[in-house]
file input-v7.cif (mmCIF, C-alpha atoms and all ligand atoms)
data_query
#
loop_
_atom_site.label_atom_id
_atom_site.label_comp_id
_atom_site.auth_asym_id
_atom_site.auth_seq_id
_atom_site.Cartn_x
_atom_site.Cartn_y
_atom_site.Cartn_z
CA MET A 1 -3.23 -19.50 -19.25
CA LYS A 2 -4.58 -16.16 -18.08
CA VAL A 3 -8.29 -15.50 -17.75
CA THR A 4 -7.93 -12.41 -19.94
CA ASP A 5 -6.24 -14.48 -22.67
CA HIS A 6 -9.11 -16.99 -22.56
CA LEU A 7 -11.57 -14.12 -22.96
CA ALA A 8 -9.59 -12.60 -25.82
CA GLN A 9 -9.39 -15.92 -27.66
CA ALA A 10 -13.11 -16.66 -27.35
CA ASN A 11 -13.81 -14.59 -30.49
CA GLY A 12 -17.14 -13.31 -29.29
CA LYS A 13 -18.36 -16.71 -28.04
CA THR A 14 -19.66 -16.66 -24.44
CA LEU A 15 -17.52 -18.81 -22.15
CA PHE A 16 -18.81 -20.72 -19.12
CA SER A 17 -16.83 -20.73 -15.89
CA PHE A 18 -17.58 -21.97 -12.40
CA GLU A 19 -16.73 -21.26 -8.78
CA VAL A 20 -16.29 -24.18 -6.40
CA LEU A 21 -15.64 -24.43 -2.66
CA PRO A 22 -12.84 -26.43 -1.03
CA PRO A 23 -14.16 -29.49 0.82
CA ARG A 24 -14.65 -29.12 4.56
CA LYS A 25 -11.66 -30.22 6.63
CA GLY A 26 -11.69 -34.01 6.82
CA GLU A 27 -13.78 -34.47 3.66
CA ASN A 28 -12.36 -36.22 0.65
CA ILE A 29 -11.34 -34.19 -2.40
CA GLN A 30 -13.11 -36.82 -4.52
CA THR A 31 -16.46 -35.19 -3.65
CA LEU A 32 -15.20 -31.97 -5.19
CA PHE A 33 -13.91 -33.76 -8.28
CA SER A 34 -17.30 -35.47 -8.66
CA ASN A 35 -18.96 -32.04 -8.53
CA ILE A 36 -16.65 -30.66 -11.18
CA GLU A 37 -16.84 -33.61 -13.59
CA PRO A 38 -20.41 -32.91 -14.85
CA LEU A 39 -19.39 -29.30 -15.57
CA LEU A 40 -16.49 -30.21 -17.84
CA GLU A 41 -18.79 -30.77 -20.85
CA PHE A 42 -19.21 -26.97 -20.93
CA LYS A 43 -15.47 -26.61 -21.51
CA PRO A 44 -14.81 -24.13 -18.69
CA PRO A 45 -11.58 -22.25 -19.48
CA PHE A 46 -11.10 -21.67 -15.77
CA ILE A 47 -12.52 -22.72 -12.42
CA ASP A 48 -12.41 -20.48 -9.35
CA VAL A 49 -11.71 -21.94 -5.92
CA THR A 50 -12.87 -19.84 -2.97
CA TYR A 51 -10.80 -19.09 0.13
CA HIS A 52 -12.38 -19.48 3.55
CA ARG A 53 -10.87 -17.79 6.55
CA GLU A 54 -11.21 -19.80 9.73
CA GLU A 55 -13.81 -18.56 12.22
CA TYR A 56 -13.31 -18.88 15.96
CA VAL A 57 -15.61 -18.98 18.93
CA TYR A 58 -14.52 -18.97 22.56
CA ARG A 59 -16.18 -21.52 24.83
CA GLN A 60 -16.13 -21.14 28.60
CA ARG A 61 -14.37 -24.00 30.35
CA ALA A 62 -13.94 -24.68 34.06
CA ALA A 63 -12.14 -22.18 36.31
CA GLY A 64 -12.73 -19.25 33.96
CA LEU A 65 -10.64 -20.75 31.17
CA LEU A 66 -11.67 -19.86 27.65
CA GLU A 67 -11.21 -22.45 24.94
CA LYS A 68 -10.70 -21.25 21.37
CA ILE A 69 -12.63 -23.40 18.91
CA THR A 70 -12.36 -23.23 15.15
CA THR A 71 -15.83 -23.43 13.66
CA ARG A 72 -15.45 -23.06 9.93
CA LYS A 73 -12.74 -24.92 8.11
CA ARG A 74 -12.35 -25.23 4.38
CA PRO A 75 -8.57 -25.17 3.96
CA GLY A 76 -6.58 -26.18 0.92
CA THR A 77 -7.36 -23.58 -1.75
CA VAL A 78 -3.82 -23.55 -3.19
CA GLY A 79 -3.46 -27.34 -3.25
CA ILE A 80 -6.96 -27.80 -4.66
CA CYS A 81 -6.21 -25.38 -7.50
CA ALA A 82 -3.12 -27.38 -8.41
CA ALA A 83 -5.03 -30.68 -8.11
CA ILE A 84 -7.89 -29.50 -10.37
CA LYS A 85 -5.44 -28.13 -12.92
CA ASN A 86 -3.48 -31.39 -13.03
CA ARG A 87 -6.47 -33.68 -13.06
CA PHE A 88 -8.73 -31.88 -15.52
CA ASP A 89 -6.26 -29.71 -17.45
CA VAL A 90 -8.35 -26.63 -16.66
CA ASP A 91 -6.91 -23.33 -15.50
CA THR A 92 -7.75 -22.43 -11.95
CA VAL A 93 -8.26 -19.13 -10.14
CA PRO A 94 -7.49 -19.30 -6.44
CA HIS A 95 -9.20 -16.62 -4.37
CA LEU A 96 -6.72 -14.72 -2.26
CA ILE A 97 -7.90 -12.60 0.66
CA CYS A 98 -6.33 -9.88 2.80
CA GLY A 99 -8.02 -10.95 6.05
CA GLY A 100 -5.78 -12.95 8.40
CA PHE A 101 -2.64 -12.69 6.27
CA SER A 102 0.56 -10.73 6.64
CA ARG A 103 2.22 -9.44 3.48
CA GLU A 104 4.97 -12.07 3.90
CA GLU A 105 2.43 -14.89 4.08
CA THR A 106 0.71 -13.53 0.99
CA GLU A 107 4.01 -13.32 -0.81
CA ASN A 108 4.81 -16.93 0.10
CA ALA A 109 1.38 -18.10 -1.10
CA LEU A 110 1.93 -16.28 -4.40
CA ILE A 111 5.36 -17.90 -4.78
CA ASP A 112 3.74 -21.32 -4.24
CA LEU A 113 1.09 -20.53 -6.84
CA HIS A 114 3.72 -19.35 -9.30
CA PHE A 115 5.75 -22.54 -8.87
CA LEU A 116 2.59 -24.61 -9.29
CA GLY A 117 2.01 -23.01 -12.68
CA ILE A 118 -1.15 -21.15 -11.68
CA ASP A 119 -1.53 -17.99 -13.74
CA ASN A 120 -4.49 -16.27 -12.10
CA VAL A 121 -5.69 -14.97 -8.75
CA LEU A 122 -8.90 -13.27 -7.67
CA ALA A 123 -7.70 -10.68 -5.16
CA LEU A 124 -10.22 -9.89 -2.42
CA ARG A 125 -10.35 -8.21 0.94
CA GLY A 126 -12.48 -10.93 2.56
CA ASP A 127 -15.47 -10.45 4.83
CA PRO A 128 -15.24 -9.62 8.53
CA ILE A 129 -15.23 -12.77 10.65
CA LYS A 130 -18.04 -13.16 13.18
CA SER A 131 -15.82 -12.62 16.20
CA GLU A 132 -14.78 -9.18 14.89
CA PRO A 133 -17.02 -6.11 14.91
CA GLY A 134 -15.99 -5.24 11.35
CA PHE A 135 -13.14 -6.12 9.02
CA VAL A 136 -9.84 -5.98 10.92
CA ALA A 137 -6.69 -6.07 8.83
CA HIS A 138 -3.70 -8.17 9.91
CA PRO A 139 -1.19 -5.76 11.57
CA ASN A 140 1.26 -6.45 8.77
CA GLY A 141 -1.34 -7.13 6.11
CA HIS A 142 -3.67 -5.29 3.79
CA ALA A 143 -6.81 -3.35 4.69
CA TYR A 144 -8.27 -3.22 1.17
CA ALA A 145 -8.18 -5.37 -1.92
CA CYS A 146 -6.42 -2.58 -3.85
CA GLU A 147 -3.35 -3.03 -1.60
CA LEU A 148 -3.31 -6.78 -2.22
CA ILE A 149 -3.65 -6.13 -5.96
CA GLY A 150 -0.71 -3.73 -5.61
CA GLN A 151 1.39 -6.47 -4.01
CA VAL A 152 0.60 -8.98 -6.76
CA SER A 153 1.33 -6.32 -9.40
CA ALA A 154 4.67 -5.55 -7.74
CA MET A 155 5.62 -9.23 -7.90
CA ASN A 156 4.59 -9.25 -11.56
CA GLY A 157 7.17 -6.49 -11.91
CA GLY A 158 9.79 -8.60 -10.08
CA ARG A 159 9.52 -6.58 -6.86
CA TYR A 160 9.38 -8.71 -3.70
CA LEU A 161 9.00 -7.38 -0.16
CA ASP A 162 12.62 -7.38 1.02
CA GLU A 163 14.52 -7.73 -2.20
CA GLU A 164 15.88 -5.46 -4.84
CA GLN A 165 14.04 -5.83 -8.14
CA VAL A 166 14.54 -9.40 -9.40
CA ASP A 167 13.26 -9.46 -12.97
CA SER A 168 14.16 -13.11 -13.47
CA ALA A 169 11.81 -14.08 -10.62
CA ALA A 170 8.88 -11.94 -11.76
CA THR A 171 5.49 -13.59 -11.61
CA SER A 172 2.88 -12.91 -14.28
CA PHE A 173 -0.45 -13.36 -12.57
CA CYS A 174 -3.62 -12.23 -14.22
CA ILE A 175 -5.47 -10.42 -11.44
CA GLY A 176 -9.24 -10.50 -11.01
CA THR A 177 -11.17 -8.23 -8.69
CA ALA A 178 -14.69 -8.20 -7.28
CA GLY A 179 -17.43 -5.81 -8.44
CA TYR A 180 -20.85 -5.26 -6.92
CA PRO A 181 -23.76 -4.38 -9.25
CA GLU A 182 -25.84 -3.57 -6.13
CA LYS A 183 -22.81 -1.96 -4.36
CA HIS A 184 -20.69 -3.47 -1.60
CA PHE A 185 -22.57 -3.54 1.70
CA GLU A 186 -20.14 -1.19 3.46
CA ALA A 187 -20.02 1.41 0.69
CA PRO A 188 -22.14 4.51 1.37
CA ASN A 189 -23.32 4.56 -2.25
CA LEU A 190 -22.64 3.10 -5.68
CA ASN A 191 -20.54 6.09 -6.81
CA THR A 192 -18.09 5.73 -3.91
CA ASP A 193 -17.88 1.98 -4.49
CA MET A 194 -17.22 2.69 -8.18
CA ARG A 195 -14.34 5.03 -7.33
CA TYR A 196 -12.70 2.27 -5.31
CA LEU A 197 -13.32 -0.25 -8.08
CA LYS A 198 -11.52 2.08 -10.49
CA GLN A 199 -8.68 2.33 -7.96
CA LYS A 200 -8.40 -1.49 -7.95
CA ILE A 201 -8.11 -1.47 -11.74
CA ASP A 202 -5.51 1.32 -11.56
CA CYS A 203 -3.55 -0.78 -9.02
CA GLY A 204 -3.31 -3.58 -11.58
CA ALA A 205 -6.51 -5.66 -11.69
CA ASP A 206 -7.09 -7.07 -15.18
CA TYR A 207 -10.74 -8.06 -15.03
CA ILE A 208 -13.83 -7.83 -12.83
CA VAL A 209 -16.12 -10.63 -11.74
CA THR A 210 -19.35 -9.56 -10.11
CA GLN A 211 -21.24 -10.55 -7.05
CA MET A 212 -24.33 -12.58 -7.94
CA PHE A 213 -27.42 -10.64 -8.98
CA PHE A 214 -30.90 -11.69 -10.06
CA ASP A 215 -31.94 -8.62 -12.01
CA ASN A 216 -29.98 -8.11 -15.21
CA GLN A 217 -30.84 -4.40 -15.26
CA LYS A 218 -28.63 -4.02 -12.19
CA PHE A 219 -25.74 -5.60 -14.10
CA PHE A 220 -26.28 -3.52 -17.23
CA GLY A 221 -26.43 -0.33 -15.13
CA PHE A 222 -23.24 -1.38 -13.34
CA VAL A 223 -21.39 -1.97 -16.62
CA ASP A 224 -22.50 1.46 -17.89
CA LYS A 225 -21.22 3.10 -14.70
CA CYS A 226 -17.89 1.26 -14.98
CA ARG A 227 -17.43 2.42 -18.56
CA GLN A 228 -18.34 6.01 -17.60
CA ALA A 229 -15.73 5.79 -14.82
CA GLY A 230 -13.11 4.88 -17.43
CA ILE A 231 -12.93 1.17 -16.58
CA THR A 232 -12.28 -0.74 -19.77
CA ALA A 233 -11.43 -4.14 -18.22
CA PRO A 234 -13.66 -7.14 -19.06
CA ILE A 235 -16.60 -7.56 -16.68
CA ILE A 236 -17.80 -11.11 -16.00
CA PRO A 237 -21.28 -11.49 -14.50
CA GLY A 238 -21.61 -13.88 -11.55
CA LEU A 239 -24.81 -15.94 -11.43
CA LYS A 240 -26.42 -18.45 -9.15
CA PRO A 241 -29.64 -20.39 -9.60
CA LEU A 242 -31.82 -20.08 -6.52
CA THR A 243 -32.46 -23.63 -5.27
CA SER A 244 -34.66 -23.49 -2.17
CA LYS A 245 -37.40 -21.42 -0.59
CA LYS A 246 -35.20 -20.44 2.31
CA GLN A 247 -32.75 -18.76 -0.09
CA LEU A 248 -35.37 -16.02 -0.50
CA THR A 249 -34.14 -14.70 2.83
CA MET A 250 -30.67 -16.26 3.03
CA LEU A 251 -29.30 -14.78 -0.24
CA PRO A 252 -30.24 -11.15 0.50
CA ARG A 253 -28.96 -11.51 4.08
CA THR A 254 -25.66 -13.12 3.11
CA PHE A 255 -24.83 -11.31 -0.11
CA TYR A 256 -26.61 -7.96 0.41
CA LEU A 257 -28.62 -8.16 -2.79
CA ASN A 258 -32.23 -7.59 -3.82
CA LEU A 259 -34.40 -10.25 -5.36
CA PRO A 260 -36.85 -9.07 -8.04
CA GLU A 261 -40.52 -9.09 -7.04
CA GLU A 262 -41.48 -11.46 -9.86
CA LEU A 263 -38.97 -14.08 -8.70
CA VAL A 264 -39.95 -13.69 -5.04
CA GLU A 265 -43.66 -14.14 -5.89
CA ALA A 266 -43.00 -17.20 -8.03
CA VAL A 267 -40.85 -18.89 -5.38
CA ALA A 268 -43.20 -17.95 -2.54
CA GLN A 269 -46.03 -19.75 -4.34
CA CYS A 270 -44.02 -22.98 -4.69
CA ARG A 271 -45.20 -25.94 -2.62
CA ASP A 272 -41.72 -27.13 -1.72
CA ASP A 273 -38.00 -26.75 -2.42
CA ALA A 274 -38.17 -29.00 -5.46
CA ASP A 275 -40.63 -26.57 -7.08
CA ALA A 276 -38.63 -23.55 -5.95
CA ARG A 277 -35.55 -25.05 -7.53
CA GLU A 278 -37.29 -25.39 -10.90
CA VAL A 279 -38.31 -21.72 -10.73
CA GLY A 280 -34.77 -20.72 -9.75
CA ILE A 281 -33.17 -22.73 -12.56
CA GLU A 282 -35.56 -21.30 -15.16
CA TRP A 283 -34.92 -17.76 -13.88
CA CYS A 284 -31.17 -18.26 -14.16
CA ILE A 285 -31.52 -19.67 -17.70
CA GLN A 286 -33.48 -16.58 -18.78
CA GLN A 287 -30.97 -14.28 -17.11
CA SER A 288 -28.10 -16.09 -18.83
CA ARG A 289 -29.80 -15.92 -22.25
CA GLU A 290 -30.27 -12.19 -21.97
CA LEU A 291 -26.67 -11.67 -20.84
CA MET A 292 -25.38 -13.80 -23.72
CA ALA A 293 -27.47 -11.78 -26.17
CA ALA A 294 -25.94 -8.63 -24.68
CA GLY A 295 -22.49 -10.01 -25.50
CA VAL A 296 -20.97 -10.73 -22.08
CA PRO A 297 -17.59 -12.48 -22.50
CA CYS A 298 -18.24 -15.21 -19.94
CA LEU A 299 -20.96 -16.45 -17.58
CA HIS A 300 -19.53 -17.31 -14.17
CA TYR A 301 -21.70 -19.63 -12.04
CA TYR A 302 -21.51 -19.96 -8.28
CA SER A 303 -21.96 -23.63 -7.42
CA MET A 304 -21.82 -23.12 -3.64
CA GLY A 305 -20.68 -26.70 -3.25
CA LYS A 306 -23.37 -28.32 -5.45
CA SER A 307 -23.12 -28.42 -9.20
CA GLU A 308 -26.37 -30.03 -10.39
CA ALA A 309 -28.50 -26.85 -10.66
CA VAL A 310 -25.66 -25.02 -12.37
CA ARG A 311 -25.17 -27.97 -14.74
CA ARG A 312 -28.83 -27.85 -15.71
CA VAL A 313 -28.62 -24.13 -16.46
CA ALA A 314 -25.47 -24.45 -18.57
CA ALA A 315 -26.92 -27.47 -20.43
CA GLU A 316 -29.72 -25.24 -21.78
CA LEU A 317 -27.28 -22.68 -23.10
CA PHE A 318 -24.15 -24.46 -24.29
P1 LIG A 401 -12.54 -4.04 -1.29
O1 LIG A 401 -12.45 -3.75 -2.74
O2 LIG A 401 -11.35 -3.76 -0.45
O3 LIG A 401 -13.79 -3.18 -0.75
C1 LIG A 401 -14.27 -3.35 0.58
C2 LIG A 401 -15.05 -2.10 0.97
O4 LIG A 401 -14.17 -1.01 1.18
C3 LIG A 401 -16.04 -1.60 -0.08
O5 LIG A 401 -17.13 -1.04 0.60
C4 LIG A 401 -15.28 -0.53 -0.85
O6 LIG A 401 -16.14 0.45 -1.39
C5 LIG A 401 -14.38 0.03 0.24
N1 LIG A 401 -13.04 0.40 -0.24
C6 LIG A 401 -12.31 -0.21 -1.18
N2 LIG A 401 -11.10 0.37 -1.30
C7 LIG A 401 -11.08 1.38 -0.38
C8 LIG A 401 -10.10 2.34 -0.01
N3 LIG A 401 -8.91 2.39 -0.61
N4 LIG A 401 -10.39 3.21 1.01
C9 LIG A 401 -11.60 3.18 1.61
N5 LIG A 401 -12.57 2.29 1.28
C10 LIG A 401 -12.30 1.39 0.30
N6 LIG A 401 -14.74 -13.65 0.39
C11 LIG A 401 -13.95 -14.62 0.95
O7 LIG A 401 -13.66 -14.56 2.13
N7 LIG A 401 -13.49 -15.66 0.18
C12 LIG A 401 -13.76 -15.77 -1.14
O8 LIG A 401 -13.33 -16.72 -1.80
C13 LIG A 401 -14.58 -14.76 -1.75
N8 LIG A 401 -14.87 -14.80 -3.07
C14 LIG A 401 -15.57 -13.77 -3.64
C15 LIG A 401 -15.79 -13.77 -5.03
C16 LIG A 401 -16.50 -12.75 -5.63
C17 LIG A 401 -16.69 -12.74 -7.12
C18 LIG A 401 -17.04 -11.70 -4.83
C19 LIG A 401 -17.85 -10.59 -5.48
C20 LIG A 401 -16.84 -11.68 -3.47
C21 LIG A 401 -16.10 -12.72 -2.85
N9 LIG A 401 -15.85 -12.72 -1.47
C22 LIG A 401 -15.06 -13.70 -0.92
C23 LIG A 401 -16.43 -11.70 -0.61
C24 LIG A 401 -15.52 -10.46 -0.44
O9 LIG A 401 -14.34 -10.83 0.20
C25 LIG A 401 -16.32 -9.46 0.38
O10 LIG A 401 -17.40 -8.95 -0.35
C26 LIG A 401 -15.51 -8.36 1.06
O11 LIG A 401 -16.35 -7.75 2.04
C27 LIG A 401 -15.05 -7.26 0.11
O12 LIG A 401 -14.06 -7.70 -0.72
P2 LIG A 401 -13.49 -6.75 -1.89
O13 LIG A 401 -12.36 -7.45 -2.48
O14 LIG A 401 -14.59 -6.31 -2.77
O15 LIG A 401 -12.99 -5.52 -0.98
#

call {"tool": "encode", "arguments": {"input": "input-v7.cif", "output": "C-alpha cells"}}
result
Amino acid sequence: MKVTDHLAQANGKTLFSFEVLPPRKGENIQTLFSNIEPLLEFKPPFIDVTYHREEYVYRQRAAGLLEKITTRKRPGTVGICAAIKNRFDVDTVPHLICGGFSREETENALIDLHFLGIDNVLALRGDPIKSEPGFVAHPNGHAYACELIGQVSAMNGGRYLDEEQVDSAATSFCIGTAGYPEKHFEAPNLNTDMRYLKQKIDCGADYIVTQMFFDNQKFFGFVDKCRQAGITAPIIPGLKPLTSKKQLTMLPRTFYLNLPEELVEAVAQCRDDADAREVGIEWCIQQSRELMAAGVPCLHYYSMGKSEAVRRVAAELF
C-alpha cells in the first residue's frame, strides 16, 4: 500500500514509521530483523530502507600500481525491502538515489521493485562520495532528484526509456522526496531550496519526509514556507534521538543541522554517554509530543542501525 494511502486512512491519528540501514556486507540479515522486531508494537505502516553508494579509495601498490578498494558496503536495499515486507507484512520504502546509476539501471531496479510488490520509493539525489569533489552524476544518469522523480512518474504513466507507451506495464509507485527544514547544505538559501522542492513535487513527488532536526520551530517554519510556495503534499518530520556526547559534533557535521543551545548545554554537562542518551531520548520525546499536538500525520524515526533509543521514544507516545 502507498504511504499516502496510509496517511489518508489514519483519520487524524499520528502514525509511527522508521528508517533502517541494510546490514554491512557479510553481516546476517537476522541482526536487522532483530532491530525491527521491537518496533513492530508501534504498528509502523511502512519502514524505509536506506541506499548506500559504495565508496572507493585508491591504495598505492608496488611499481606505481593503484589498487581500488571499496570501503563502505551496505548492499541489498531492494532485497531487504522485499524480505521485510514478506516477513513482517509491513510496507517498505526503498531509497533510490541518482548517484552511480544510469537511467537504464534505475529503470531495471524499479521494474524489480514493481514485480516484488513494493509500492513506494523515496527518490533522492544522494550525497557526493568522498573520492569526488562534489556530486558527479552518472554520464547517463540524473543530476538532481527531480529528474529521478520524473523517471518514476513516467513509468507510472507506462512510459519506459526505449518503448512506446505501454499502459499495461505501468507502475504505480508512491514517490517520496527529501525536504530540509534547515536547507540543503549546497543550497544558497532556504528560498532557493524551496523552489527546487516545489519542482520535485511538480515532477510527481507525492509526499515529503524531512531531514532530522532538533528544534521544532525550524520544522514549523519549513511547513509554513512549503504551504506558501503552494506545496500541499503531506510533510513527515524526521526525528532522531541523540544518543552520545560525540553526536554533538557528529550530527551537525554529517547532516548540516543546528542543535539548540538548551540541548547542547544539557548534553555537555552529562558525565558519560549513558547520561547523554537519557537527555537525547527525553528531548526527542518532547519534540514528538509537540509535533503530535500540532497534528503531523506521521513521526518518522531514524534508527541509524540501532533501534533501542527509538523504541523507548515511541513507547512513551504510542
Ligand atoms: P536534490 O533535491 O536533487 O537537491 C540537491 C541540491 O541541489 C539542493 O541543494 C537543491 O537545492 C539543489 N537542486 C535541486 N534541484 C535542482 C535543480 N533542478 N537545479 C539546480 N539545483 C537543484 N542519501 C543516500 O545516499 N542514501 C539514502 O538512503 C538517503 N536517505 C535520505 C533520506 C532523507 C529523508 C533525507 C532528507 C536525505 C537522505 N539522503 C540519503 C541524503 C540525500 O541524498 C542528500 O541530502 C543529497 O545531498 C540531496 O538529495 P536530494 O534528494 O535532496 O537532492

call {"tool": "residues_near_ligand", "arguments": {"input": "input-v7.cif", "ligand": "ligand LIG 401 (chain A)", "cutoff": "8 Å", "atoms": "all atoms listed in the file", "output": "PyMOL selection string"}}
result
chain A and resi 49-53+94-97+99+122-128+135+143-147+177-180+183-188+192-197+199-200+209-212+238+255

call {"tool": "write_last_selection", "arguments": {"input": "input-v7.cif", "atoms": "C-alpha atoms", "output": "mmCIF file, in the coordinates of the input"}}
result
data_model
loop_
_atom_site.group_PDB
_atom_site.id
_atom_site.type_symbol
_atom_site.label_atom_id
_atom_site.label_comp_id
_atom_site.auth_asym_id
_atom_site.auth_seq_id
_atom_site.Cartn_x
_atom_site.Cartn_y
_atom_site.Cartn_z
ATOM 1 C CA VAL A 49 -11.710 -21.940 -5.920
ATOM 2 C CA THR A 50 -12.870 -19.840 -2.970
ATOM 3 C CA TYR A 51 -10.800 -19.090 0.130
ATOM 4 C CA HIS A 52 -12.380 -19.480 3.550
ATOM 5 C CA ARG A 53 -10.870 -17.790 6.550
ATOM 6 C CA PRO A 94 -7.490 -19.300 -6.440
ATOM 7 C CA HIS A 95 -9.200 -16.620 -4.370
ATOM 8 C CA LEU A 96 -6.720 -14.720 -2.260
ATOM 9 C CA ILE A 97 -7.900 -12.600 0.660
ATOM 10 C CA GLY A 99 -8.020 -10.950 6.050
ATOM 11 C CA LEU A 122 -8.900 -13.270 -7.670
ATOM 12 C CA ALA A 123 -7.700 -10.680 -5.160
ATOM 13 C CA LEU A 124 -10.220 -9.890 -2.420
ATOM 14 C CA ARG A 125 -10.350 -8.210 0.940
ATOM 15 C CA GLY A 126 -12.480 -10.930 2.560
ATOM 16 C CA ASP A 127 -15.470 -10.450 4.830
ATOM 17 C CA PRO A 128 -15.240 -9.620 8.530
ATOM 18 C CA PHE A 135 -13.140 -6.120 9.020
ATOM 19 C CA ALA A 143 -6.810 -3.350 4.690
ATOM 20 C CA TYR A 144 -8.270 -3.220 1.170
ATOM 21 C CA ALA A 145 -8.180 -5.370 -1.920
ATOM 22 C CA CYS A 146 -6.420 -2.580 -3.850
ATOM 23 C CA GLU A 147 -3.350 -3.030 -1.600
ATOM 24 C CA THR A 177 -11.170 -8.230 -8.690
ATOM 25 C CA ALA A 178 -14.690 -8.200 -7.280
ATOM 26 C CA GLY A 179 -17.430 -5.810 -8.440
ATOM 27 C CA TYR A 180 -20.850 -5.260 -6.920
ATOM 28 C CA LYS A 183 -22.810 -1.960 -4.360
ATOM 29 C CA HIS A 184 -20.690 -3.470 -1.600
ATOM 30 C CA PHE A 185 -22.570 -3.540 1.700
ATOM 31 C CA GLU A 186 -20.140 -1.190 3.460
ATOM 32 C CA ALA A 187 -20.020 1.410 0.690
ATOM 33 C CA PRO A 188 -22.140 4.510 1.370
ATOM 34 C CA THR A 192 -18.090 5.730 -3.910
ATOM 35 C CA ASP A 193 -17.880 1.980 -4.490
ATOM 36 C CA MET A 194 -17.220 2.690 -8.180
ATOM 37 C CA ARG A 195 -14.340 5.030 -7.330
ATOM 38 C CA TYR A 196 -12.700 2.270 -5.310
ATOM 39 C CA LEU A 197 -13.320 -0.250 -8.080
ATOM 40 C CA GLN A 199 -8.680 2.330 -7.960
ATOM 41 C CA LYS A 200 -8.400 -1.490 -7.950
ATOM 42 C CA VAL A 209 -16.120 -10.630 -11.740
ATOM 43 C CA THR A 210 -19.350 -9.560 -10.110
ATOM 44 C CA GLN A 211 -21.240 -10.550 -7.050
ATOM 45 C CA MET A 212 -24.330 -12.580 -7.940
ATOM 46 C CA GLY A 238 -21.610 -13.880 -11.550
ATOM 47 C CA PHE A 255 -24.830 -11.310 -0.110
#

call {"tool": "closest_residue", "arguments": {"input": "input-v7.cif", "among": "A:Ile69, A:Ala8, A:Val20, A:Ala315", "to": "Tyr301 of chain A", "atoms": "all atoms listed in the file"}}
result
A:Val20

call {"tool": "closest_atom_pairs", "arguments": {"input": "input-v7.cif", "of": "segment 131-231 of chain A", "to": "segment 103-121 of chain A", "cutoff": "9 Å", "atoms": "all atoms listed in the file", "output": "CSV"}}
result
residue,atom,partner,partner_atom,distance
A:His138,CA,A:Arg103,CA,8.8
A:Asn140,CA,A:Arg103,CA,6.2
A:Gly141,CA,A:Arg103,CA,5.0
A:His142,CA,A:Arg103,CA,7.2
A:Leu148,CA,A:Arg103,CA,8.4
A:Gln151,CA,A:Glu107,CA,8.0
A:Val152,CA,A:Leu110,CA,7.8
A:Met155,CA,A:Glu107,CA,8.3
A:Tyr160,CA,A:Glu107,CA,7.6
A:Leu161,CA,A:Glu104,CA,7.4
A:Thr171,CA,A:His114,CA,6.5
A:Ser172,CA,A:Asp119,CA,6.7
A:Phe173,CA,A:Asp119,CA,4.9
A:Cys174,CA,A:Asn120,CA,4.6
A:Ile175,CA,A:Val121,CA,5.3
A:Gly176,CA,A:Val121,CA,6.1
A:Thr177,CA,A:Val121,CA,8.7

call {"tool": "write_last_selection", "arguments": {"input": "input-v7.cif", "atoms": "C-alpha atoms", "output": "PDB file, in the coordinates of the input"}}
result
ATOM      1  CA  HIS A 138      -3.700  -8.170   9.910  1.00  0.00           C
ATOM      2  CA  ASN A 140       1.260  -6.450   8.770  1.00  0.00           C
ATOM      3  CA  GLY A 141      -1.340  -7.130   6.110  1.00  0.00           C
ATOM      4  CA  HIS A 142      -3.670  -5.290   3.790  1.00  0.00           C
ATOM      5  CA  LEU A 148      -3.310  -6.780  -2.220  1.00  0.00           C
ATOM      6  CA  GLN A 151       1.390  -6.470  -4.010  1.00  0.00           C
ATOM      7  CA  VAL A 152       0.600  -8.980  -6.760  1.00  0.00           C
ATOM      8  CA  MET A 155       5.620  -9.230  -7.900  1.00  0.00           C
ATOM      9  CA  TYR A 160       9.380  -8.710  -3.700  1.00  0.00           C
ATOM     10  CA  LEU A 161       9.000  -7.380  -0.160  1.00  0.00           C
ATOM     11  CA  THR A 171       5.490 -13.590 -11.610  1.00  0.00           C
ATOM     12  CA  SER A 172       2.880 -12.910 -14.280  1.00  0.00           C
ATOM     13  CA  PHE A 173      -0.450 -13.360 -12.570  1.00  0.00           C
ATOM     14  CA  CYS A 174      -3.620 -12.230 -14.220  1.00  0.00           C
ATOM     15  CA  ILE A 175      -5.470 -10.420 -11.440  1.00  0.00           C
ATOM     16  CA  GLY A 176      -9.240 -10.500 -11.010  1.00  0.00           C
ATOM     17  CA  THR A 177     -11.170  -8.230  -8.690  1.00  0.00           C
TER      18      THR A 177
END

call {"tool": "atom_distance", "arguments": {"input": "input-v7.cif", "atom1": "atom CA of Glu41 of chain A", "atom2": "atom CA of Glu308 of chain A"}}
result
12.9 Å

call {"tool": "closest_residue", "arguments": {"input": "input-v7.cif", "among": "A:Gly100, A:Pro23, A:Gly157, A:Gly295", "to": "Ile129 of chain A", "atoms": "all atoms listed in the file"}}
result
A:Gly100

call {"tool": "atom_distance", "arguments": {"input": "input-v7.cif", "atom1": "atom CA of Asp167 of chain A", "atom2": "atom CA of Asp202 of chain A"}}
result
21.7 Å

call {"tool": "atom_distance", "arguments": {"input": "input-v7.cif", "atom1": "atom CA of Tyr207 of chain A", "atom2": "atom CA of Leu259 of chain A"}}
result
25.7 Å

call {"tool": "residues_around", "arguments": {"input": "input-v7.cif", "residues": "Pro38 of chain A", "least_positions_apart": "5", "cutoff": "10 Å", "atoms": "all atoms listed in the file", "output": "PyMOL selection string"}}
result
chain A and resi 33+307-308+310-312

call {"tool": "closest_residue", "arguments": {"input": "input-v7.cif", "among": "A:Ile201, A:Leu32, A:Leu291, A:Ala266", "to": "Ile236 of chain A", "atoms": "only C-alpha atoms"}}
result
A:Leu291

call {"tool": "residues_around", "arguments": {"input": "input-v7.cif", "residues": "Glu265 of chain A", "least_positions_apart": "5", "cutoff": "12 Å", "atoms": "all atoms listed in the file", "output": "ChimeraX atom specification"}}
result
/A:245,248,259-260,270,276,279-280
